[in-house]
Amino acid sequence: MDSAVAMARMAVQRALIFLGPPGAGKGTQARRIAERYGIPHLSTGDMFRDHVRRDTELGRRARPIMERGELVPDEIVLGMIEERIARPDCRQGFVLDGFPRTLAQAEALDRLLEAHGFGRPLVLHLVADEAQLLRRLAGRRTCKLCGAVYNMYDHPPKVPGRCDDDGGELVERPDDREDVVRQRLTSYHHQTRPLVEYYRARGVLVDVDGTADIEAVSHQVFALVDRIAVP
Ligand code: ADP
Ligand code: ADP
């Protein structure tokens, strides 16, 4: 089932959740799967960065918290995601990247999915080791125009410092500094990691080997999602 035409007739009609520590490859894989199925990619990190850029009230609240590598309070995240999931483009399913990140968020998501008539989510748990995460985050660069993600070591652009797609400038995220990364990993272990057991116990989680290269990880992810897609 690899042809683009065949894929166009397949529908996910589920919430796909990418779970894993910072640098595991959630954003990279979420973008690819969203494109494959023509469903929206909902990244709470991207939404917050957009608010910060536009200097909205929400952005002003989130910014110092993000700069410290801590989690933004649940009620702020939930208000934002609730509004996004209610939009019509999410009716055929959607990909969540960076949400949920706490047990309270996961429980609220369960209620939201039920309210919108979705069944159980599929949770793709990206597993990578810490040395790899540190290297990936240190090398991460993002296009200022389209948000495409590159890596100086493992996934460099064709022209240094420029996006392959639109030539946009590639920039470093301020929270990818090493001291902030340490705090983000700590936040992950304390607040987000328990979600692995939460979803595993409900039989909706699959472990994906995130240590492989980007194409090989996509190969695993596509195979898992193709299996649950409906014609
Ligand atoms: P990464 O991709 O490296 O895991 P994100 O882009 O998802 O990082 O998130 C960046 C920052 O935005 C987080 O460190 C946190 O401060 C905030 N954030 C994003 N999503 C959430 C969430 N679901 N709950 C709380 N804070 C969040
Ligand atoms: P997350 O959203 O989980 O924080 P990203 O998708 O932003 O992770 O990836 C973090 C960095 O690692 C980026 O620079 C990205 O290009 C790179 N990357 C992602 N997946 C892989 C992989 N499988 N192998 C090597 N580098 C990767």
# chains A, B, ... in the order shown; residues from 1 in each chain; ligands from 1
call {"tool": "residues_around", "arguments": {"residues": "Val180 of chain A", "least_positions_apart": "5", "cutoff": "9 Å", "atoms": "only C-alpha atoms", "output": "PDB file with all heavy atoms, in the first residue's frame"}}
result
ATOM      1  N   MET A  66       8.947  28.502  29.114  1.00  0.00           N
ATOM      2  CA  MET A  66       9.648  27.751  28.065  1.00  0.00           C
ATOM      3  C   MET A  66      11.149  27.998  28.128  1.00  0.00           C
ATOM      4  O   MET A  66      11.943  27.093  27.924  1.00  0.00           O
ATOM      5  CB  MET A  66       9.105  28.145  26.686  1.00  0.00           C
ATOM      6  CG  MET A  66       7.667  27.719  26.474  1.00  0.00           C
ATOM      7  SD  MET A  66       6.958  28.442  24.993  1.00  0.00           S
ATOM      8  CE  MET A  66       7.685  27.416  23.722  1.00  0.00           C
ATOM      9  N   GLU A  67      11.506  29.243  28.425  1.00  0.00           N
ATOM     10  CA  GLU A  67      12.941  29.564  28.488  1.00  0.00           C
ATOM     11  C   GLU A  67      13.639  28.829  29.618  1.00  0.00           C
ATOM     12  O   GLU A  67      14.834  28.577  29.565  1.00  0.00           O
ATOM     13  CB  GLU A  67      13.135  31.091  28.651  1.00  0.00           C
ATOM     14  CG  GLU A  67      12.946  31.818  27.335  1.00  0.00           C
ATOM     15  CD  GLU A  67      12.989  33.335  27.473  1.00  0.00           C
ATOM     16  OE1 GLU A  67      12.980  33.847  28.623  1.00  0.00           O
ATOM     17  OE2 GLU A  67      13.007  34.010  26.424  1.00  0.00           O
ATOM     18  N   ARG A  68      12.877  28.467  30.655  1.00  0.00           N
ATOM     19  CA  ARG A  68      13.475  27.695  31.758  1.00  0.00           C
ATOM     20  C   ARG A  68      13.429  26.191  31.482  1.00  0.00           C
ATOM     21  O   ARG A  68      13.987  25.412  32.245  1.00  0.00           O
ATOM     22  CB  ARG A  68      12.713  27.979  33.072  1.00  0.00           C
ATOM     23  CG  ARG A  68      12.894  29.374  33.617  1.00  0.00           C
ATOM     24  CD  ARG A  68      12.459  29.454  35.088  1.00  0.00           C
ATOM     25  NE  ARG A  68      11.051  29.104  35.291  1.00  0.00           N
ATOM     26  CZ  ARG A  68      10.041  29.985  35.232  1.00  0.00           C
ATOM     27  NH1 ARG A  68      10.279  31.253  34.988  1.00  0.00           N
ATOM     28  NH2 ARG A  68       8.798  29.587  35.437  1.00  0.00           N
ATOM     29  N   GLY A  69      12.711  25.786  30.450  1.00  0.00           N
ATOM     30  CA  GLY A  69      12.616  24.357  30.132  1.00  0.00           C
ATOM     31  C   GLY A  69      11.575  23.631  30.962  1.00  0.00           C
ATOM     32  O   GLY A  69      11.585  22.410  31.079  1.00  0.00           O
ATOM     33  N   GLU A  70      10.648  24.426  31.555  1.00  0.00           N
ATOM     34  CA  GLU A  70       9.587  23.801  32.354  1.00  0.00           C
ATOM     35  C   GLU A  70       8.322  23.667  31.522  1.00  0.00           C
ATOM     36  O   GLU A  70       8.255  24.188  30.401  1.00  0.00           O
ATOM     37  CB  GLU A  70       9.320  24.664  33.602  1.00  0.00           C
ATOM     38  CG  GLU A  70      10.509  24.666  34.540  1.00  0.00           C
ATOM     39  CD  GLU A  70      10.417  25.740  35.616  1.00  0.00           C
ATOM     40  OE1 GLU A  70       9.359  26.390  35.741  1.00  0.00           O
ATOM     41  OE2 GLU A  70      11.435  25.932  36.308  1.00  0.00           O
ATOM     42  N   PRO A 174      15.997  28.845  21.226  1.00  0.00           N
ATOM     43  CA  PRO A 174      16.680  29.301  22.447  1.00  0.00           C
ATOM     44  C   PRO A 174      16.690  28.228  23.539  1.00  0.00           C
ATOM     45  O   PRO A 174      17.618  28.175  24.340  1.00  0.00           O
ATOM     46  CB  PRO A 174      15.888  30.541  22.877  1.00  0.00           C
ATOM     47  CG  PRO A 174      14.685  30.619  22.003  1.00  0.00           C
ATOM     48  CD  PRO A 174      14.894  29.722  20.826  1.00  0.00           C
ATOM     49  N   ASP A 175      15.665  27.361  23.552  1.00  0.00           N
ATOM     50  CA  ASP A 175      15.623  26.344  24.622  1.00  0.00           C
ATOM     51  C   ASP A 175      16.431  25.095  24.269  1.00  0.00           C
ATOM     52  O   ASP A 175      16.415  24.121  25.002  1.00  0.00           O
ATOM     53  CB  ASP A 175      14.175  25.993  25.002  1.00  0.00           C
ATOM     54  CG  ASP A 175      13.369  25.416  23.854  1.00  0.00           C
ATOM     55  OD1 ASP A 175      13.804  25.515  22.683  1.00  0.00           O
ATOM     56  OD2 ASP A 175      12.290  24.844  24.118  1.00  0.00           O
ATOM     57  N   LEU A 185      14.749  17.646  29.923  1.00  0.00           N
ATOM     58  CA  LEU A 185      14.799  16.186  30.094  1.00  0.00           C
ATOM     59  C   LEU A 185      14.277  15.795  31.482  1.00  0.00           C
ATOM     60  O   LEU A 185      13.570  14.802  31.638  1.00  0.00           O
ATOM     61  CB  LEU A 185      16.224  15.666  29.883  1.00  0.00           C
ATOM     62  CG  LEU A 185      16.704  15.697  28.424  1.00  0.00           C
ATOM     63  CD1 LEU A 185      18.204  15.381  28.338  1.00  0.00           C
ATOM     64  CD2 LEU A 185      15.918  14.703  27.559  1.00  0.00           C
TER      65      LEU A 185
END
call {"tool": "residues_around", "arguments": {"residues": "Gln92 of chain A", "least_positions_apart": "3", "cutoff": "9 Å", "atoms": "only C-alpha atoms", "output": "list in words"}}
result
Ala11, Val12, Gln13, Arg14, Ile39, Pro88 and Asp89 of chain A
call {"tool": "closest_residue", "arguments": {"among": "A:Gly117, A:Pro64, A:Gly139, A:Gly98", "to": "Gln29 of chain A", "atoms": "only C-alpha atoms"}}
result
A:Gly98
call {"tool": "select_by_dssp", "arguments": {"residues": "chain A", "states": "alpha helix (DSSP H)", "output": "mmCIF file with N, CA and C atoms, in the first residue's frame"}}
result
data_model
loop_
_atom_site.group_PDB
_atom_site.id
_atom_site.type_symbol
_atom_site.label_atom_id
_atom_site.label_comp_id
_atom_site.auth_asym_id
_atom_site.auth_seq_id
_atom_site.Cartn_x
_atom_site.Cartn_y
_atom_site.Cartn_z
ATOM 1 N N ALA A 4 0.825 6.741 -3.773
ATOM 2 C CA ALA A 4 0.197 7.952 -3.251
ATOM 3 C C ALA A 4 -1.305 7.928 -3.512
ATOM 4 N N VAL A 5 -1.718 7.339 -4.639
ATOM 5 C CA VAL A 5 -3.133 7.299 -4.982
ATOM 6 C C VAL A 5 -3.889 6.433 -3.978
ATOM 7 N N ALA A 6 -3.311 5.270 -3.685
ATOM 8 C CA ALA A 6 -3.957 4.379 -2.717
ATOM 9 C C ALA A 6 -4.048 5.065 -1.365
ATOM 10 N N MET A 7 -2.981 5.782 -0.971
ATOM 11 C CA MET A 7 -2.970 6.453 0.315
ATOM 12 C C MET A 7 -4.057 7.520 0.395
ATOM 13 N N ALA A 8 -4.280 8.189 -0.728
ATOM 14 C CA ALA A 8 -5.253 9.274 -0.736
ATOM 15 C C ALA A 8 -6.648 8.766 -0.382
ATOM 16 N N LYS A 26 9.827 13.489 17.383
ATOM 17 C CA LYS A 26 8.370 13.614 17.317
ATOM 18 C C LYS A 26 7.939 14.545 16.188
ATOM 19 N N GLY A 27 8.523 15.739 16.168
ATOM 20 C CA GLY A 27 8.126 16.733 15.159
ATOM 21 C C GLY A 27 8.422 16.247 13.745
ATOM 22 N N THR A 28 9.600 15.668 13.570
ATOM 23 C CA THR A 28 10.018 15.185 12.252
ATOM 24 C C THR A 28 9.040 14.131 11.731
ATOM 25 N N GLN A 29 8.705 13.171 12.578
ATOM 26 C CA GLN A 29 7.825 12.084 12.134
ATOM 27 C C GLN A 29 6.367 12.549 12.042
ATOM 28 N N ALA A 30 5.971 13.444 12.949
ATOM 29 C CA ALA A 30 4.582 13.929 12.934
ATOM 30 C C ALA A 30 4.288 14.664 11.623
ATOM 31 N N ARG A 31 5.240 15.464 11.181
ATOM 32 C CA ARG A 31 5.074 16.196 9.911
ATOM 33 C C ARG A 31 4.892 15.238 8.757
ATOM 34 N N ARG A 32 5.701 14.185 8.755
ATOM 35 C CA ARG A 32 5.666 13.229 7.649
ATOM 36 C C ARG A 32 4.349 12.449 7.618
ATOM 37 N N ILE A 33 3.878 12.047 8.787
ATOM 38 C CA ILE A 33 2.653 11.249 8.807
ATOM 39 C C ILE A 33 1.440 12.132 8.483
ATOM 40 N N ALA A 34 1.483 13.390 8.921
ATOM 41 C CA ALA A 34 0.389 14.321 8.619
ATOM 42 C C ALA A 34 0.290 14.525 7.105
ATOM 43 N N GLU A 35 1.440 14.619 6.465
ATOM 44 C CA GLU A 35 1.466 14.815 5.015
ATOM 45 C C GLU A 35 0.969 13.563 4.297
ATOM 46 N N ARG A 36 1.383 12.414 4.783
ATOM 47 C CA ARG A 36 0.994 11.150 4.139
ATOM 48 C C ARG A 36 -0.523 10.970 4.118
ATOM 49 N N TYR A 37 -1.186 11.370 5.224
ATOM 50 C CA TYR A 37 -2.633 11.154 5.309
ATOM 51 C C TYR A 37 -3.459 12.411 5.087
ATOM 52 N N THR A 44 1.960 21.469 20.075
ATOM 53 C CA THR A 44 1.726 22.512 21.085
ATOM 54 C C THR A 44 2.967 23.398 21.222
ATOM 55 N N GLY A 45 4.160 22.831 21.037
ATOM 56 C CA GLY A 45 5.385 23.647 21.082
ATOM 57 C C GLY A 45 5.356 24.707 19.985
ATOM 58 N N ASP A 46 4.990 24.304 18.757
ATOM 59 C CA ASP A 46 4.900 25.276 17.649
ATOM 60 C C ASP A 46 3.837 26.331 17.943
ATOM 61 N N MET A 47 2.712 25.901 18.525
ATOM 62 C CA MET A 47 1.641 26.873 18.840
ATOM 63 C C MET A 47 2.141 27.901 19.845
ATOM 64 N N PHE A 48 2.854 27.423 20.874
ATOM 65 C CA PHE A 48 3.394 28.370 21.866
ATOM 66 C C PHE A 48 4.422 29.303 21.239
ATOM 67 N N ARG A 49 5.309 28.747 20.392
ATOM 68 C CA ARG A 49 6.330 29.606 19.761
ATOM 69 C C ARG A 49 5.673 30.666 18.884
ATOM 70 N N ASP A 50 4.552 30.294 18.253
ATOM 71 C CA ASP A 50 3.822 31.259 17.433
ATOM 72 C C ASP A 50 3.240 32.379 18.306
ATOM 73 N N HIS A 51 2.694 31.997 19.471
ATOM 74 C CA HIS A 51 2.169 33.018 20.390
ATOM 75 C C HIS A 51 3.283 33.936 20.883
ATOM 76 N N VAL A 52 4.454 33.345 21.172
ATOM 77 C CA VAL A 52 5.589 34.151 21.639
ATOM 78 C C VAL A 52 5.984 35.145 20.552
ATOM 79 N N ARG A 53 6.059 34.667 19.298
ATOM 80 C CA ARG A 53 6.453 35.518 18.175
ATOM 81 C C ARG A 53 5.478 36.684 17.996
ATOM 82 N N ARG A 54 4.190 36.376 18.153
ATOM 83 C CA ARG A 54 3.170 37.413 17.958
ATOM 84 C C ARG A 54 2.968 38.253 19.221
ATOM 85 N N GLU A 57 -0.995 37.628 24.737
ATOM 86 C CA GLU A 57 -1.003 37.497 26.193
ATOM 87 C C GLU A 57 -0.550 36.087 26.586
ATOM 88 N N LEU A 58 -1.064 35.090 25.845
ATOM 89 C CA LEU A 58 -0.663 33.706 26.119
ATOM 90 C C LEU A 58 0.849 33.530 25.921
ATOM 91 N N GLY A 59 1.365 34.147 24.855
ATOM 92 C CA GLY A 59 2.799 34.066 24.574
ATOM 93 C C GLY A 59 3.622 34.683 25.693
ATOM 94 N N ARG A 60 3.130 35.799 26.247
ATOM 95 C CA ARG A 60 3.873 36.465 27.329
ATOM 96 C C ARG A 60 3.884 35.612 28.596
ATOM 97 N N ARG A 61 2.817 34.816 28.792
ATOM 98 C CA ARG A 61 2.798 33.926 29.971
ATOM 99 C C ARG A 61 3.709 32.715 29.755
ATOM 100 N N ALA A 62 3.679 32.187 28.520
ATOM 101 C CA ALA A 62 4.416 30.943 28.253
ATOM 102 C C ALA A 62 5.930 31.158 28.137
ATOM 103 N N ARG A 63 6.315 32.307 27.607
ATOM 104 C CA ARG A 63 7.727 32.522 27.256
ATOM 105 C C ARG A 63 8.745 32.247 28.374
ATOM 106 N N PRO A 64 8.574 32.860 29.563
ATOM 107 C CA PRO A 64 9.591 32.603 30.605
ATOM 108 C C PRO A 64 9.628 31.145 31.045
ATOM 109 N N ILE A 65 8.474 30.496 30.998
ATOM 110 C CA ILE A 65 8.410 29.077 31.407
ATOM 111 C C ILE A 65 9.169 28.222 30.397
ATOM 112 N N MET A 66 8.947 28.502 29.114
ATOM 113 C CA MET A 66 9.648 27.751 28.065
ATOM 114 C C MET A 66 11.149 27.998 28.128
ATOM 115 N N GLU A 67 11.506 29.243 28.425
ATOM 116 C CA GLU A 67 12.941 29.564 28.488
ATOM 117 C C GLU A 67 13.639 28.829 29.618
ATOM 118 N N ARG A 68 12.877 28.467 30.655
ATOM 119 C CA ARG A 68 13.475 27.695 31.758
ATOM 120 C C ARG A 68 13.429 26.191 31.482
ATOM 121 N N ASP A 74 -1.191 23.250 32.790
ATOM 122 C CA ASP A 74 -2.162 22.458 32.032
ATOM 123 C C ASP A 74 -3.321 23.285 31.493
ATOM 124 N N GLU A 75 -3.871 24.205 32.318
ATOM 125 C CA GLU A 75 -5.082 24.904 31.867
ATOM 126 C C GLU A 75 -4.810 25.753 30.619
ATOM 127 N N ILE A 76 -3.601 26.275 30.499
ATOM 128 C CA ILE A 76 -3.271 27.082 29.314
ATOM 129 C C ILE A 76 -3.187 26.184 28.082
ATOM 130 N N VAL A 77 -2.490 25.058 28.242
ATOM 131 C CA VAL A 77 -2.321 24.119 27.131
ATOM 132 C C VAL A 77 -3.686 23.573 26.696
ATOM 133 N N LEU A 78 -4.496 23.240 27.685
ATOM 134 C CA LEU A 78 -5.775 22.592 27.373
ATOM 135 C C LEU A 78 -6.727 23.521 26.636
ATOM 136 N N GLY A 79 -6.766 24.780 27.057
ATOM 137 C CA GLY A 79 -7.637 25.747 26.376
ATOM 138 C C GLY A 79 -7.257 25.838 24.903
ATOM 139 N N MET A 80 -5.947 25.868 24.662
ATOM 140 C CA MET A 80 -5.434 26.036 23.307
ATOM 141 C C MET A 80 -5.727 24.804 22.444
ATOM 142 N N ILE A 81 -5.542 23.619 23.001
ATOM 143 C CA ILE A 81 -5.688 22.388 22.217
ATOM 144 C C ILE A 81 -7.180 22.077 21.984
ATOM 145 N N GLU A 82 -7.997 22.426 22.977
ATOM 146 C CA GLU A 82 -9.435 22.186 22.862
ATOM 147 C C GLU A 82 -10.006 22.964 21.671
ATOM 148 N N GLU A 83 -9.586 24.209 21.586
ATOM 149 C CA GLU A 83 -10.050 25.072 20.491
ATOM 150 C C GLU A 83 -9.574 24.517 19.145
ATOM 151 N N ARG A 84 -8.357 23.993 19.118
ATOM 152 C CA ARG A 84 -7.769 23.516 17.854
ATOM 153 C C ARG A 84 -8.451 22.229 17.374
ATOM 154 N N ILE A 85 -8.708 21.311 18.305
ATOM 155 C CA ILE A 85 -9.308 20.020 17.931
ATOM 156 C C ILE A 85 -10.751 20.205 17.462
ATOM 157 N N LEU A 103 -0.276 13.726 33.136
ATOM 158 C CA LEU A 103 -1.433 12.831 33.288
ATOM 159 C C LEU A 103 -2.738 13.608 33.175
ATOM 160 N N ALA A 104 -2.770 14.816 33.762
ATOM 161 C CA ALA A 104 -3.999 15.628 33.682
ATOM 162 C C ALA A 104 -4.325 15.950 32.226
ATOM 163 N N GLN A 105 -3.307 16.220 31.414
ATOM 164 C CA GLN A 105 -3.545 16.497 29.985
ATOM 165 C C GLN A 105 -4.064 15.240 29.288
ATOM 166 N N ALA A 106 -3.513 14.079 29.636
ATOM 167 C CA ALA A 106 -3.945 12.823 28.988
ATOM 168 C C ALA A 106 -5.405 12.530 29.326
ATOM 169 N N GLU A 107 -5.776 12.773 30.578
ATOM 170 C CA GLU A 107 -7.157 12.511 30.979
ATOM 171 C C GLU A 107 -8.109 13.496 30.297
ATOM 172 N N ALA A 108 -7.689 14.736 30.201
ATOM 173 C CA ALA A 108 -8.524 15.730 29.512
ATOM 174 C C ALA A 108 -8.653 15.373 28.031
ATOM 175 N N LEU A 109 -7.581 14.869 27.441
ATOM 176 C CA LEU A 109 -7.638 14.469 26.031
ATOM 177 C C LEU A 109 -8.626 13.314 25.848
ATOM 178 N N ASP A 110 -8.632 12.364 26.757
ATOM 179 C CA ASP A 110 -9.595 11.259 26.660
ATOM 180 C C ASP A 110 -11.021 11.801 26.570
ATOM 181 N N ARG A 111 -11.306 12.781 27.415
ATOM 182 C CA ARG A 111 -12.668 13.354 27.423
ATOM 183 C C ARG A 111 -12.944 14.088 26.118
ATOM 184 N N LEU A 112 -11.936 14.804 25.620
ATOM 185 C CA LEU A 112 -12.113 15.543 24.356
ATOM 186 C C LEU A 112 -12.356 14.582 23.190
ATOM 187 N N LEU A 113 -11.589 13.495 23.157
ATOM 188 C CA LEU A 113 -11.731 12.540 22.053
ATOM 189 C C LEU A 113 -13.126 11.927 22.074
ATOM 190 N N GLU A 114 -13.596 11.616 23.271
ATOM 191 C CA GLU A 114 -14.936 11.038 23.376
ATOM 192 C C GLU A 114 -15.993 12.045 22.915
ATOM 193 N N ALA A 115 -15.839 13.272 23.348
ATOM 194 C CA ALA A 115 -16.803 14.320 22.985
ATOM 195 C C ALA A 115 -16.866 14.533 21.474
ATOM 196 N N GLU A 130 19.890 8.834 25.740
ATOM 197 C CA GLU A 130 20.122 10.222 26.127
ATOM 198 C C GLU A 130 21.261 10.888 25.355
ATOM 199 N N ALA A 131 22.337 10.147 25.087
ATOM 200 C CA ALA A 131 23.470 10.741 24.351
ATOM 201 C C ALA A 131 22.993 11.203 22.977
ATOM 202 N N GLN A 132 22.145 10.390 22.382
ATOM 203 C CA GLN A 132 21.609 10.715 21.057
ATOM 204 C C GLN A 132 20.709 11.965 21.129
ATOM 205 N N LEU A 133 19.886 12.043 22.182
ATOM 206 C CA LEU A 133 18.986 13.200 22.330
ATOM 207 C C LEU A 133 19.798 14.487 22.447
ATOM 208 N N LEU A 134 20.868 14.452 23.246
ATOM 209 C CA LEU A 134 21.680 15.659 23.458
ATOM 210 C C LEU A 134 22.324 16.105 22.149
ATOM 211 N N ARG A 135 22.812 15.139 21.386
ATOM 212 C CA ARG A 135 23.457 15.465 20.112
ATOM 213 C C ARG A 135 22.434 16.045 19.124
ATOM 214 N N ARG A 136 21.258 15.424 19.066
ATOM 215 C CA ARG A 136 20.237 15.896 18.131
ATOM 216 C C ARG A 136 19.768 17.303 18.471
ATOM 217 N N LEU A 137 19.588 17.581 19.781
ATOM 218 C CA LEU A 137 19.085 18.907 20.168
ATOM 219 C C LEU A 137 20.142 19.978 19.926
ATOM 220 N N ALA A 138 21.412 19.607 20.151
ATOM 221 C CA ALA A 138 22.494 20.577 19.912
ATOM 222 C C ALA A 138 22.578 20.913 18.422
ATOM 223 N N GLY A 139 22.231 19.954 17.563
ATOM 224 C CA GLY A 139 22.355 20.170 16.121
ATOM 225 C C GLY A 139 21.071 20.622 15.441
ATOM 226 N N GLU A 178 22.296 23.960 26.230
ATOM 227 C CA GLU A 178 22.505 22.745 27.014
ATOM 228 C C GLU A 178 21.868 22.772 28.409
ATOM 229 N N ASP A 179 21.975 23.923 29.117
ATOM 230 C CA ASP A 179 21.415 23.954 30.481
ATOM 231 C C ASP A 179 19.888 23.832 30.456
ATOM 232 N N VAL A 180 19.252 24.418 29.441
ATOM 233 C CA VAL A 180 17.783 24.323 29.341
ATOM 234 C C VAL A 180 17.385 22.902 28.934
ATOM 235 N N VAL A 181 18.203 22.294 28.073
ATOM 236 C CA VAL A 181 17.912 20.925 27.640
ATOM 237 C C VAL A 181 17.877 19.986 28.851
ATOM 238 N N ARG A 182 18.829 20.164 29.783
ATOM 239 C CA ARG A 182 18.864 19.321 30.999
ATOM 240 C C ARG A 182 17.540 19.423 31.749
ATOM 241 N N GLN A 183 17.048 20.657 31.909
ATOM 242 C CA GLN A 183 15.786 20.860 32.622
ATOM 243 C C GLN A 183 14.620 20.240 31.848
ATOM 244 N N ARG A 184 14.651 20.343 30.524
ATOM 245 C CA ARG A 184 13.562 19.761 29.725
ATOM 246 C C ARG A 184 13.549 18.240 29.866
ATOM 247 N N LEU A 185 14.749 17.646 29.923
ATOM 248 C CA LEU A 185 14.799 16.186 30.094
ATOM 249 C C LEU A 185 14.277 15.795 31.482
ATOM 250 N N THR A 186 14.606 16.625 32.491
ATOM 251 C CA THR A 186 14.096 16.363 33.843
ATOM 252 C C THR A 186 12.568 16.475 33.868
ATOM 253 N N SER A 187 12.040 17.539 33.237
ATOM 254 C CA SER A 187 10.575 17.697 33.166
ATOM 255 C C SER A 187 9.962 16.469 32.494
ATOM 256 N N PRO A 194 5.490 9.100 32.866
ATOM 257 C CA PRO A 194 4.398 8.244 33.374
ATOM 258 C C PRO A 194 3.292 7.960 32.340
ATOM 259 N N LEU A 195 3.206 8.786 31.308
ATOM 260 C CA LEU A 195 2.173 8.546 30.286
ATOM 261 C C LEU A 195 2.448 7.272 29.496
ATOM 262 N N VAL A 196 3.715 6.839 29.461
ATOM 263 C CA VAL A 196 4.041 5.604 28.735
ATOM 264 C C VAL A 196 3.256 4.449 29.372
ATOM 265 N N GLU A 197 3.282 4.371 30.708
ATOM 266 C CA GLU A 197 2.559 3.285 31.383
ATOM 267 C C GLU A 197 1.047 3.485 31.298
ATOM 268 N N TYR A 198 0.619 4.746 31.367
ATOM 269 C CA TYR A 198 -0.814 5.063 31.264
ATOM 270 C C TYR A 198 -1.383 4.499 29.960
ATOM 271 N N TYR A 199 -0.702 4.761 28.860
ATOM 272 C CA TYR A 199 -1.208 4.301 27.565
ATOM 273 C C TYR A 199 -0.900 2.825 27.317
ATOM 274 N N ARG A 200 0.254 2.352 27.832
ATOM 275 C CA ARG A 200 0.581 0.933 27.621
ATOM 276 C C ARG A 200 -0.468 0.049 28.296
ATOM 277 N N ALA A 201 -0.875 0.444 29.516
ATOM 278 C CA ALA A 201 -1.854 -0.344 30.269
ATOM 279 C C ALA A 201 -3.182 -0.427 29.527
ATOM 280 N N ILE A 214 16.243 8.750 10.057
ATOM 281 C CA ILE A 214 14.905 9.321 9.883
ATOM 282 C C ILE A 214 14.028 8.456 8.956
ATOM 283 N N GLU A 215 14.594 8.017 7.828
ATOM 284 C CA GLU A 215 13.819 7.197 6.879
ATOM 285 C C GLU A 215 13.382 5.880 7.513
ATOM 286 N N ALA A 216 14.293 5.254 8.252
ATOM 287 C CA ALA A 216 13.979 3.954 8.854
ATOM 288 C C ALA A 216 12.894 4.105 9.925
ATOM 289 N N VAL A 217 12.934 5.213 10.663
ATOM 290 C CA VAL A 217 11.888 5.438 11.671
ATOM 291 C C VAL A 217 10.543 5.655 10.958
ATOM 292 N N SER A 218 10.548 6.449 9.887
ATOM 293 C CA SER A 218 9.300 6.681 9.141
ATOM 294 C C SER A 218 8.738 5.368 8.600
ATOM 295 N N HIS A 219 9.620 4.493 8.174
ATOM 296 C CA HIS A 219 9.195 3.205 7.631
ATOM 297 C C HIS A 219 8.390 2.428 8.692
ATOM 298 N N GLN A 220 8.903 2.419 9.921
ATOM 299 C CA GLN A 220 8.197 1.732 11.014
ATOM 300 C C GLN A 220 6.857 2.416 11.297
ATOM 301 N N VAL A 221 6.899 3.761 11.349
ATOM 302 C CA VAL A 221 5.697 4.525 11.718
ATOM 303 C C VAL A 221 4.612 4.350 10.643
ATOM 304 N N PHE A 222 5.006 4.460 9.382
ATOM 305 C CA PHE A 222 4.023 4.324 8.291
ATOM 306 C C PHE A 222 3.369 2.942 8.349
ATOM 307 N N ALA A 223 4.173 1.907 8.593
ATOM 308 C CA ALA A 223 3.636 0.541 8.623
ATOM 309 C C ALA A 223 2.592 0.410 9.732
ATOM 310 N N LEU A 224 2.873 1.016 10.887
ATOM 311 C CA LEU A 224 1.939 0.919 12.016
ATOM 312 C C LEU A 224 0.642 1.665 11.730
ATOM 313 N N VAL A 225 0.760 2.846 11.135
ATOM 314 C CA VAL A 225 -0.450 3.649 10.904
ATOM 315 C C VAL A 225 -1.239 3.090 9.716
ATOM 316 N N ASP A 226 -0.545 2.625 8.683
ATOM 317 C CA ASP A 226 -1.250 2.038 7.534
ATOM 318 C C ASP A 226 -2.152 0.883 7.995
ATOM 319 N N ARG A 227 -1.683 0.165 9.008
ATOM 320 C CA ARG A 227 -2.427 -1.006 9.495
ATOM 321 C C ARG A 227 -3.773 -0.621 10.110
ATOM 322 N N ILE A 228 -3.873 0.575 10.702
ATOM 323 C CA ILE A 228 -5.142 0.960 11.338
ATOM 324 C C ILE A 228 -5.974 1.879 10.441
#
call {"tool": "select_by_dssp", "arguments": {"residues": "segment 9-124 of chain A", "states": "strand (DSSP E or B)", "output": "list of chain:residue names"}}
result
A:Ala11, A:Ala15, A:Leu16, A:Ile17, A:Phe18, A:Leu19, A:His41, A:Leu42, A:Ser43, A:Phe94, A:Val95, A:Leu96, A:Asp97, A:Leu122, A:Val123, A:Leu124
call {"tool": "atom_distance", "arguments": {"atom1": "atom CA of Lys144 of chain A", "atom2": "atom CA of Leu126 of chain A"}}
result
25.7 Å
call {"tool": "closest_residue", "arguments": {"among": "A:Gly167, A:Arg202, A:Pro231, A:Gly38", "to": "Met10 of chain A", "atoms": "only C-alpha atoms"}}
result
A:Pro231
call {"tool": "residues_around", "arguments": {"residues": "His125 of chain A", "least_positions_apart": "3", "cutoff": "7 Å", "atoms": "only C-alpha atoms", "output": "MDAnalysis selection string"}}
result
chainID A and resid 18:20 205:208
call {"tool": "write_last_selection", "arguments": {"atoms": "N, CA and C atoms", "output": "short mmCIF file (atom, residue, chain, number, x, y, z; two decimals), in the first residue's frame"}}
result
data_model
loop_
_atom_site.label_atom_id
_atom_site.label_comp_id
_atom_site.auth_asym_id
_atom_site.auth_seq_id
_atom_site.Cartn_x
_atom_site.Cartn_y
_atom_site.Cartn_z
N PHE A 18 2.35 11.31 19.17
CA PHE A 18 3.78 11.02 19.26
C PHE A 18 4.25 11.35 20.66
N LEU A 19 4.76 10.33 21.35
CA LEU A 19 5.22 10.49 22.72
C LEU A 19 6.72 10.18 22.76
N GLY A 20 7.46 10.99 23.51
CA GLY A 20 8.90 10.73 23.63
C GLY A 20 9.60 11.97 24.13
N LEU A 205 -0.48 1.71 23.05
CA LEU A 205 0.87 2.26 22.81
C LEU A 205 1.77 1.25 22.10
N VAL A 206 2.51 1.74 21.11
CA VAL A 206 3.54 0.91 20.49
C VAL A 206 4.89 1.61 20.62
N ASP A 207 5.91 0.82 20.96
CA ASP A 207 7.27 1.35 21.02
C ASP A 207 7.84 1.38 19.61
N VAL A 208 8.45 2.51 19.27
CA VAL A 208 9.09 2.65 17.96
C VAL A 208 10.57 2.93 18.21
#
call {"tool": "closest_residue", "arguments": {"among": "A:His189, A:Gly147, A:Pro22, A:Arg140", "to": "Glu172 of chain A", "atoms": "only C-alpha atoms"}}
result
A:Arg140
